[in-house]
$ cat coords_14.cif   # mmCIF, C-alpha atoms
data_my_file
loop_
_atom_site.label_atom_id
_atom_site.label_comp_id
_atom_site.auth_asym_id
_atom_site.auth_seq_id
_atom_site.Cartn_x
_atom_site.Cartn_y
_atom_site.Cartn_z
CA MET A 1 33.77 -23.77 -5.44
CA SER A 2 32.12 -26.91 -6.65
CA ALA A 3 29.24 -26.87 -9.04
CA PRO A 4 25.83 -27.14 -7.42
CA ALA A 5 24.52 -30.67 -7.24
CA LEU A 6 21.96 -31.40 -9.94
CA GLN A 7 18.99 -33.60 -9.23
CA ASN A 8 18.45 -36.61 -11.45
CA PRO A 9 15.87 -36.04 -14.18
CA ARG A 10 12.30 -36.67 -13.13
CA THR A 11 13.15 -36.64 -9.43
CA LYS A 12 10.04 -35.63 -7.53
CA ARG A 13 10.16 -32.02 -6.48
CA GLN A 14 10.43 -31.58 -2.73
CA LEU A 15 6.96 -30.49 -1.77
CA SER A 16 6.65 -27.85 0.89
CA ARG A 17 4.99 -29.18 4.02
CA SER A 18 2.98 -26.03 4.60
CA ASN A 19 0.47 -24.11 2.51
CA PHE A 20 1.82 -20.79 3.78
CA GLU A 21 2.54 -19.32 0.34
CA GLN A 22 -0.91 -20.27 -0.90
CA TYR A 23 -2.59 -18.57 2.08
CA SER A 24 -0.28 -15.58 1.57
CA TRP A 25 -1.39 -15.33 -2.09
CA LEU A 26 -5.05 -15.51 -1.07
CA PHE A 27 -4.55 -13.01 1.77
CA MET A 28 -3.10 -10.44 -0.65
CA ARG A 29 -6.25 -10.61 -2.78
CA LEU A 30 -8.76 -10.61 0.10
CA SER A 31 -7.04 -7.84 2.08
CA GLY A 32 -6.53 -5.96 -1.19
CA VAL A 33 -10.26 -5.77 -1.86
CA VAL A 34 -10.97 -4.48 1.68
CA LEU A 35 -8.07 -2.02 1.49
CA ILE A 36 -9.37 -0.51 -1.76
CA VAL A 37 -12.44 0.68 0.18
CA LEU A 38 -10.60 1.63 3.39
CA VAL A 39 -7.56 3.36 1.86
CA LEU A 40 -9.26 5.11 -1.08
CA GLY A 41 -11.99 6.28 1.33
CA HIS A 42 -9.34 7.51 3.78
CA LEU A 43 -7.42 9.33 1.02
CA PHE A 44 -10.58 10.90 -0.37
CA ILE A 45 -11.62 12.25 3.05
CA MET A 46 -8.12 13.45 3.98
CA THR A 47 -6.90 14.97 0.71
CA LEU A 48 -10.02 16.02 -1.21
CA LEU A 49 -13.02 16.55 1.10
CA ASP A 50 -13.57 19.98 2.68
CA GLY A 51 -10.21 21.75 2.93
CA GLY A 52 -8.03 18.70 2.21
CA VAL A 53 -4.77 18.21 4.11
CA HIS A 54 -4.62 21.84 5.25
CA ARG A 55 -7.46 21.32 7.75
CA LEU A 56 -5.64 18.52 9.59
CA ASN A 57 -4.57 19.10 13.20
CA PHE A 58 -4.90 17.57 16.66
CA ALA A 59 -8.50 18.76 17.06
CA PHE A 60 -9.43 17.15 13.74
CA VAL A 61 -7.97 13.78 14.79
CA ALA A 62 -9.60 14.08 18.24
CA GLY A 63 -12.96 14.78 16.61
CA ARG A 64 -12.71 11.75 14.35
CA TRP A 65 -11.62 9.30 17.03
CA THR A 66 -14.57 10.13 19.28
CA SER A 67 -16.47 7.93 16.84
CA PRO A 68 -16.05 4.14 17.26
CA PHE A 69 -16.76 3.84 13.52
CA TRP A 70 -13.60 5.73 12.51
CA GLN A 71 -11.58 4.04 15.27
CA PHE A 72 -12.58 0.67 13.85
CA TRP A 73 -11.96 1.89 10.28
CA ASP A 74 -8.45 3.11 11.15
CA LEU A 75 -7.58 0.04 13.23
CA THR A 76 -8.66 -2.37 10.46
CA MET A 77 -6.84 -0.27 7.86
CA LEU A 78 -3.66 -0.23 9.98
CA TRP A 79 -3.56 -3.99 10.47
CA LEU A 80 -4.53 -4.96 6.92
CA ALA A 81 -2.27 -2.37 5.27
CA MET A 82 0.76 -3.32 7.39
CA LEU A 83 0.26 -7.06 6.84
CA HIS A 84 -0.49 -6.58 3.10
CA GLY A 85 2.49 -4.24 2.65
CA GLY A 86 4.78 -6.33 4.87
CA ASN A 87 3.92 -9.47 2.95
CA GLY A 88 4.49 -7.66 -0.35
CA VAL A 89 7.93 -6.42 0.73
CA ARG A 90 8.71 -9.97 1.97
CA THR A 91 8.05 -11.22 -1.57
CA VAL A 92 10.24 -8.49 -3.05
CA ILE A 93 13.10 -9.37 -0.63
CA ASN A 94 12.77 -13.07 -1.54
CA ASP A 95 12.99 -12.16 -5.23
CA TYR A 96 16.06 -9.94 -5.10
CA ALA A 97 18.12 -10.91 -2.01
CA ASN A 98 19.97 -14.01 -3.15
CA LYS A 99 22.42 -14.54 -0.29
CA PRO A 100 20.74 -16.37 2.62
CA ARG A 101 22.43 -14.03 5.11
CA THR A 102 21.24 -10.84 3.36
CA ARG A 103 17.79 -12.32 3.08
CA LEU A 104 17.67 -13.22 6.79
CA ILE A 105 18.84 -9.74 7.83
CA LEU A 106 16.30 -7.96 5.60
CA GLN A 107 13.41 -10.26 6.60
CA THR A 108 14.27 -9.77 10.29
CA LEU A 109 14.36 -5.98 9.90
CA LEU A 110 11.05 -6.09 8.03
CA ALA A 111 9.41 -8.27 10.72
CA ILE A 112 10.62 -5.93 13.48
CA ALA A 113 9.33 -2.86 11.58
CA VAL A 114 5.91 -4.43 10.95
CA ILE A 115 5.47 -5.58 14.57
CA LEU A 116 6.60 -2.21 16.00
CA ILE A 117 4.40 -0.10 13.70
CA VAL A 118 1.30 -2.28 14.18
CA ALA A 119 1.82 -2.27 17.96
CA LEU A 120 2.42 1.49 18.09
CA GLY A 121 -0.56 2.32 15.87
CA THR A 122 -2.87 0.02 17.83
CA LEU A 123 -1.70 1.52 21.13
CA VAL A 124 -2.30 5.06 19.85
CA ILE A 125 -5.84 4.29 18.64
CA PHE A 126 -6.81 2.55 21.90
CA THR A 127 -5.17 4.96 24.36
CA PHE A 128 -5.80 8.25 22.53
CA ASP A 129 -6.78 11.05 24.92
CA PRO A 130 -8.66 13.94 23.23
CA ASN A 131 -8.13 16.14 26.32
CA LEU A 132 -4.35 15.75 26.30
CA THR A 133 -2.55 19.07 26.74
CA MET B 1 6.14 -20.14 -32.24
CA ALA B 2 6.34 -16.56 -33.44
CA LYS B 3 3.76 -15.61 -30.84
CA ALA B 4 6.14 -16.30 -27.94
CA ALA B 5 8.37 -13.45 -29.09
CA VAL B 6 5.73 -10.85 -28.25
CA GLY B 7 5.72 -11.93 -24.62
CA THR B 8 3.42 -13.69 -22.23
CA LEU B 9 1.31 -12.41 -19.36
CA TYR B 10 4.24 -11.55 -17.10
CA ARG B 11 7.21 -11.55 -19.50
CA GLY B 12 7.83 -8.57 -21.74
CA LYS B 13 5.56 -5.76 -22.81
CA ASP B 14 2.62 -4.36 -20.84
CA GLY B 15 2.08 -7.41 -18.62
CA MET B 16 5.60 -7.09 -17.23
CA TRP B 17 5.65 -3.31 -16.92
CA SER B 18 2.33 -3.27 -15.06
CA TRP B 19 3.89 -5.82 -12.66
CA VAL B 20 7.03 -3.65 -12.26
CA ALA B 21 4.86 -0.59 -11.56
CA HIS B 22 2.78 -2.60 -9.07
CA ARG B 23 5.96 -3.49 -7.14
CA ILE B 24 7.41 0.02 -7.17
CA THR B 25 4.15 1.68 -6.08
CA GLY B 26 3.63 -1.02 -3.42
CA VAL B 27 7.07 -0.57 -1.86
CA LEU B 28 6.76 3.25 -1.95
CA VAL B 29 3.35 3.19 -0.26
CA PHE B 30 4.67 0.74 2.38
CA PHE B 31 7.52 3.08 3.36
CA PHE B 32 5.14 6.03 3.41
CA LEU B 33 2.88 4.04 5.73
CA LEU B 34 5.71 3.47 8.24
CA VAL B 35 6.36 7.23 8.44
CA HIS B 36 2.64 8.03 8.47
CA VAL B 37 1.95 5.83 11.54
CA LEU B 38 4.95 7.38 13.30
CA ASP B 39 3.83 10.98 12.69
CA THR B 40 0.22 10.22 13.62
CA ALA B 41 1.50 8.59 16.84
CA LEU B 42 2.55 12.10 17.92
CA VAL B 43 -1.11 12.71 18.93
CA ARG B 44 -0.21 10.53 21.91
CA VAL B 45 2.73 12.82 22.84
CA SER B 46 1.06 16.25 22.80
CA PRO B 47 -1.21 18.35 20.56
CA GLU B 48 1.72 20.75 19.96
CA ALA B 49 4.06 17.96 18.85
CA TYR B 50 1.46 16.72 16.36
CA ASN B 51 0.42 20.15 15.07
CA THR B 52 4.01 21.38 14.63
CA THR B 53 4.96 18.28 12.65
CA ILE B 54 1.85 18.35 10.45
CA GLU B 55 2.43 22.04 9.70
CA THR B 56 5.89 21.28 8.28
CA TYR B 57 4.09 19.11 5.68
CA MET B 58 1.93 21.99 4.48
CA ASN B 59 4.18 23.27 1.67
CA PRO B 60 4.08 22.75 -2.11
CA VAL B 61 6.99 20.25 -2.13
CA VAL B 62 5.23 17.86 0.25
CA GLY B 63 2.02 18.76 -1.62
CA LEU B 64 3.52 17.31 -4.82
CA MET B 65 4.64 14.20 -2.90
CA GLU B 66 1.06 13.80 -1.63
CA ILE B 67 -0.23 13.90 -5.21
CA GLY B 68 2.39 11.26 -6.05
CA LEU B 69 1.20 9.16 -3.11
CA VAL B 70 -2.43 9.34 -4.24
CA GLY B 71 -1.34 8.43 -7.78
CA ALA B 72 0.70 5.45 -6.53
CA VAL B 73 -2.11 4.15 -4.29
CA LEU B 74 -4.67 4.61 -7.07
CA TYR B 75 -2.57 2.68 -9.61
CA HIS B 76 -1.88 -0.08 -7.08
CA ALA B 77 -5.61 -0.34 -6.27
CA LEU B 78 -6.75 -0.38 -9.93
CA ASN B 79 -4.06 -2.83 -11.02
CA GLY B 80 -4.87 -4.94 -7.92
CA ILE B 81 -8.44 -5.31 -9.22
CA ARG B 82 -6.97 -6.31 -12.61
CA ILE B 83 -4.73 -8.95 -10.94
CA ILE B 84 -7.71 -10.38 -9.03
CA LEU B 85 -9.71 -10.56 -12.29
CA ILE B 86 -6.77 -12.26 -14.07
CA ASP B 87 -6.56 -14.84 -11.27
CA PHE B 88 -10.26 -15.51 -10.61
CA TRP B 89 -12.18 -14.59 -13.79
CA SER B 90 -12.01 -17.25 -16.48
CA LYS B 91 -11.59 -14.64 -19.23
CA GLY B 92 -9.20 -12.52 -17.13
CA PRO B 93 -5.91 -13.61 -18.78
CA LYS B 94 -7.43 -13.09 -22.24
CA TYR B 95 -8.42 -9.51 -21.47
CA GLN B 96 -5.43 -8.54 -19.29
CA ALA B 97 -4.05 -6.05 -21.84
CA THR B 98 -7.48 -4.51 -22.40
CA MET B 99 -7.96 -4.24 -18.63
CA LEU B 100 -4.57 -2.54 -18.31
CA ARG B 101 -5.50 0.07 -20.91
CA THR B 102 -8.83 0.55 -19.12
CA ILE B 103 -7.24 1.15 -15.70
CA VAL B 104 -4.70 3.57 -17.21
CA VAL B 105 -7.59 5.59 -18.68
CA ILE B 106 -9.49 5.50 -15.35
CA TRP B 107 -6.27 6.52 -13.55
CA VAL B 108 -5.74 9.53 -15.82
CA LEU B 109 -9.40 10.59 -15.60
CA LEU B 110 -9.34 10.45 -11.78
CA MET B 111 -5.87 11.95 -11.35
CA ILE B 112 -6.52 15.11 -13.40
CA PRO B 113 -9.22 16.59 -11.10
CA THR B 114 -7.44 15.21 -8.01
CA ALA B 115 -4.09 16.79 -8.91
CA VAL B 116 -5.72 20.09 -9.91
CA THR B 117 -7.68 20.27 -6.63
CA MET B 118 -4.67 19.40 -4.48
CA LEU B 119 -2.29 21.74 -6.35
CA THR B 120 -4.77 24.63 -6.18
CA ARG B 121 -5.14 24.20 -2.40
CA SER B 122 -1.39 23.93 -1.99
CA ILE B 123 -0.80 27.21 -3.84
CA GLN B 124 -3.69 28.94 -2.01
CA HIS B 125 -2.20 27.86 1.31
CA MET B 126 1.29 29.05 0.30
CA THR B 127 0.02 32.47 -0.78
CA GLY B 128 -1.83 32.86 2.52
CA GLY B 129 -5.32 32.00 1.28
CA ALA B 130 -7.82 29.66 2.88
#

$ encode --input "coords_14.cif" --output "structure tokens"
Amino acid sequence: MSAPALQNPRTKRQLSRSNFEQYSWLFMRLSGVVLIVLVLGHLFIMTLLDGGVHRLNFAFVAGRWTSPFWQFWDLTMLWLAMLHGGNGVRTVINDYANKPRTRLILQTLLAIAVILIVALGTLVIFTFDPNLT
Amino acid sequence: MAKAAVGTLYRGKDGMWSWVAHRITGVLVFFFLLVHVLDTALVRVSPEAYNTTIETYMNPVVGLMEIGLVGAVLYHALNGIRIILIDFWSKGPKYQATMLRTIVVIWVLLMIPTAVTMLTRSIQHMTGGA
């Protein structure tokens, strides 16, 4: 193994052609603020209000999703939380997976998981049938 | 130069540990979210499939995990506000340690009644109460 090539001193750093990481940084902060309201509200309603988690069942979900307000709430929360969490895990993978191959495999798995879960959750909210037996 | 030894915003001491905790809680909540969307998707299969699955969660062990989840989300949310203030408020970096102590106090104050309420319900449910 040869030593990695060192750049000459004061060589200009190769600038990235895209601003992706800057937008990603901004997205984490903007989505974070919205998620504080959506997720803490969701947790408060589900775990503390009325009977807490013990009152949850199909009828409860059916009752909530008759309201477009909660459908919109849950849909927004699903998309923002999955993109915020997916982007966070992407950063963690980039920090700790040093081998390009490991990194590629983990990022691919993450992308598949995010796409599948967002698609599934969206499908469920839009096609939910309260009269299903 | 002596000052550098006590650490900077993200290296050493509270600044680093709050960052470590932010990562750990974030990754945990992300994996919970994957499972949570999958179990909720059972409402599309049948009411029985959903109800049976949800009922398996209604025991004190999962109850403790739910308290842990609320605690993780709450820390991540409070520390997220602190990170935003560090990045966008001109005095944010100066007060980062004070803000960390503040959010820890808020976290404890909110988690005590939350954990008590959730634990009480969990035990009531286990012993056949409401």

$ resolve_selection --input "coords_14.cif" --expression "the PyMOL selection byres ((chain B) within 10 of (chain A))" --output "ChimeraX atom specification"
/B:23-24,26-31,33-38,40-55,57-59,63,66-67,69-70,73-74,76-78,80-81,83-84,87,113-115,117-118,121-122,125,130

$ atom_distance --input "coords_14.cif" --atom1 "CA of Leu38 (chain A)" --atom2 "CA of Arg64 (chain A)"
15.1 Å

$ closest_residue --input "coords_14.cif" --among "A:Thr108, A:Tyr96, A:Arg103, A:Val34" --to "Trp73 (chain A)" --atoms "all atoms listed in the file"
A:Val34

$ atom_distance --input "coords_14.cif" --atom1 "CA of Asn87 (chain A)" --atom2 "CA of Asn79 (chain B)"
17.4 Å

$ atom_distance --input "coords_14.cif" --atom1 "CA of Trp19 (chain B)" --atom2 "CA of Gln107 (chain A)"
21.9 Å

$ resolve_selection --input "coords_14.cif" --expression "the PyMOL selection byres ((chain B and resi 18) around 12)" --output "NGL selection string"
:B and (9-17 or 19-26 or 75-76 or 78-80 or 82-83 or 96-97 or 99-101 or 103-104)

$ build_atoms --input "coords_14.cif" --residues "region 69-80 of chain B" --atoms "all heavy atoms" --output "CSV table (one decimal), keeping the file's coordinate frame"
chain,number,residue,atom,x,y,z
B,69,LEU,N,1.7,10.2,-4.0
B,69,LEU,CA,1.2,9.2,-3.1
B,69,LEU,C,-0.2,8.7,-3.6
B,69,LEU,O,-0.4,7.5,-3.7
B,69,LEU,CB,1.2,9.6,-1.7
B,69,LEU,CG,0.5,8.6,-0.7
B,69,LEU,CD1,1.5,7.5,-0.4
B,69,LEU,CD2,0.1,9.3,0.6
B,70,VAL,N,-1.1,9.7,-3.8
B,70,VAL,CA,-2.4,9.3,-4.2
B,70,VAL,C,-2.4,8.6,-5.6
B,70,VAL,O,-3.0,7.6,-5.8
B,70,VAL,CB,-3.3,10.6,-4.4
B,70,VAL,CG1,-4.7,10.3,-5.0
B,70,VAL,CG2,-3.5,11.2,-3.0
B,71,GLY,N,-1.5,9.1,-6.5
B,71,GLY,CA,-1.3,8.4,-7.8
B,71,GLY,C,-0.8,7.0,-7.6
B,71,GLY,O,-1.3,6.1,-8.3
B,72,ALA,N,0.1,6.8,-6.7
B,72,ALA,CA,0.7,5.4,-6.5
B,72,ALA,C,-0.3,4.5,-5.9
B,72,ALA,O,-0.5,3.4,-6.4
B,72,ALA,CB,1.9,5.5,-5.6
B,73,VAL,N,-1.1,5.0,-4.9
B,73,VAL,CA,-2.1,4.2,-4.3
B,73,VAL,C,-3.2,3.8,-5.3
B,73,VAL,O,-3.6,2.7,-5.4
B,73,VAL,CB,-2.7,4.9,-3.1
B,73,VAL,CG1,-3.9,4.1,-2.6
B,73,VAL,CG2,-1.7,5.0,-2.0
B,74,LEU,N,-3.6,4.8,-6.1
B,74,LEU,CA,-4.7,4.6,-7.1
B,74,LEU,C,-4.3,3.6,-8.1
B,74,LEU,O,-5.0,2.7,-8.5
B,74,LEU,CB,-5.1,5.9,-7.7
B,74,LEU,CG,-6.3,5.9,-8.6
B,74,LEU,CD1,-7.5,5.4,-7.8
B,74,LEU,CD2,-6.6,7.3,-9.2
B,75,TYR,N,-3.0,3.7,-8.6
B,75,TYR,CA,-2.6,2.7,-9.6
B,75,TYR,C,-2.6,1.3,-9.0
B,75,TYR,O,-3.0,0.3,-9.6
B,75,TYR,CB,-1.2,3.0,-10.2
B,75,TYR,CG,-0.6,1.9,-11.0
B,75,TYR,CD1,-1.1,1.7,-12.3
B,75,TYR,CD2,0.2,0.9,-10.4
B,75,TYR,CE1,-0.7,0.6,-13.0
B,75,TYR,CE2,0.6,-0.2,-11.2
B,75,TYR,CZ,0.2,-0.3,-12.5
B,75,TYR,OH,0.6,-1.4,-13.2
B,76,HIS,N,-2.0,1.2,-7.8
B,76,HIS,CA,-1.9,-0.1,-7.1
B,76,HIS,C,-3.3,-0.7,-6.9
B,76,HIS,O,-3.4,-1.9,-7.0
B,76,HIS,CB,-1.2,0.1,-5.7
B,76,HIS,CG,-0.5,-1.1,-5.2
B,76,HIS,ND1,0.7,-1.6,-5.6
B,76,HIS,CD2,-1.0,-2.0,-4.3
B,76,HIS,CE1,1.0,-2.7,-4.9
B,76,HIS,NE2,0.0,-3.0,-4.1
B,77,ALA,N,-4.2,0.1,-6.5
B,77,ALA,CA,-5.6,-0.3,-6.3
B,77,ALA,C,-6.2,-0.8,-7.6
B,77,ALA,O,-6.8,-1.9,-7.6
B,77,ALA,CB,-6.5,0.8,-5.7
B,78,LEU,N,-6.1,0.0,-8.6
B,78,LEU,CA,-6.8,-0.4,-9.9
B,78,LEU,C,-6.1,-1.6,-10.5
B,78,LEU,O,-6.8,-2.6,-11.0
B,78,LEU,CB,-6.7,0.8,-10.9
B,78,LEU,CG,-7.5,2.0,-10.6
B,78,LEU,CD1,-7.1,3.2,-11.5
B,78,LEU,CD2,-9.0,1.7,-10.8
B,79,ASN,N,-4.7,-1.7,-10.5
B,79,ASN,CA,-4.1,-2.8,-11.0
B,79,ASN,C,-4.3,-4.1,-10.1
B,79,ASN,O,-4.3,-5.2,-10.6
B,79,ASN,CB,-2.6,-2.6,-11.2
B,79,ASN,CG,-1.9,-3.6,-12.0
B,79,ASN,OD1,-2.3,-3.9,-13.1
B,79,ASN,ND2,-0.8,-4.2,-11.5
B,80,GLY,N,-4.5,-3.8,-8.8
B,80,GLY,CA,-4.9,-4.9,-7.9
B,80,GLY,C,-6.2,-5.6,-8.3
B,80,GLY,O,-6.3,-6.8,-8.4
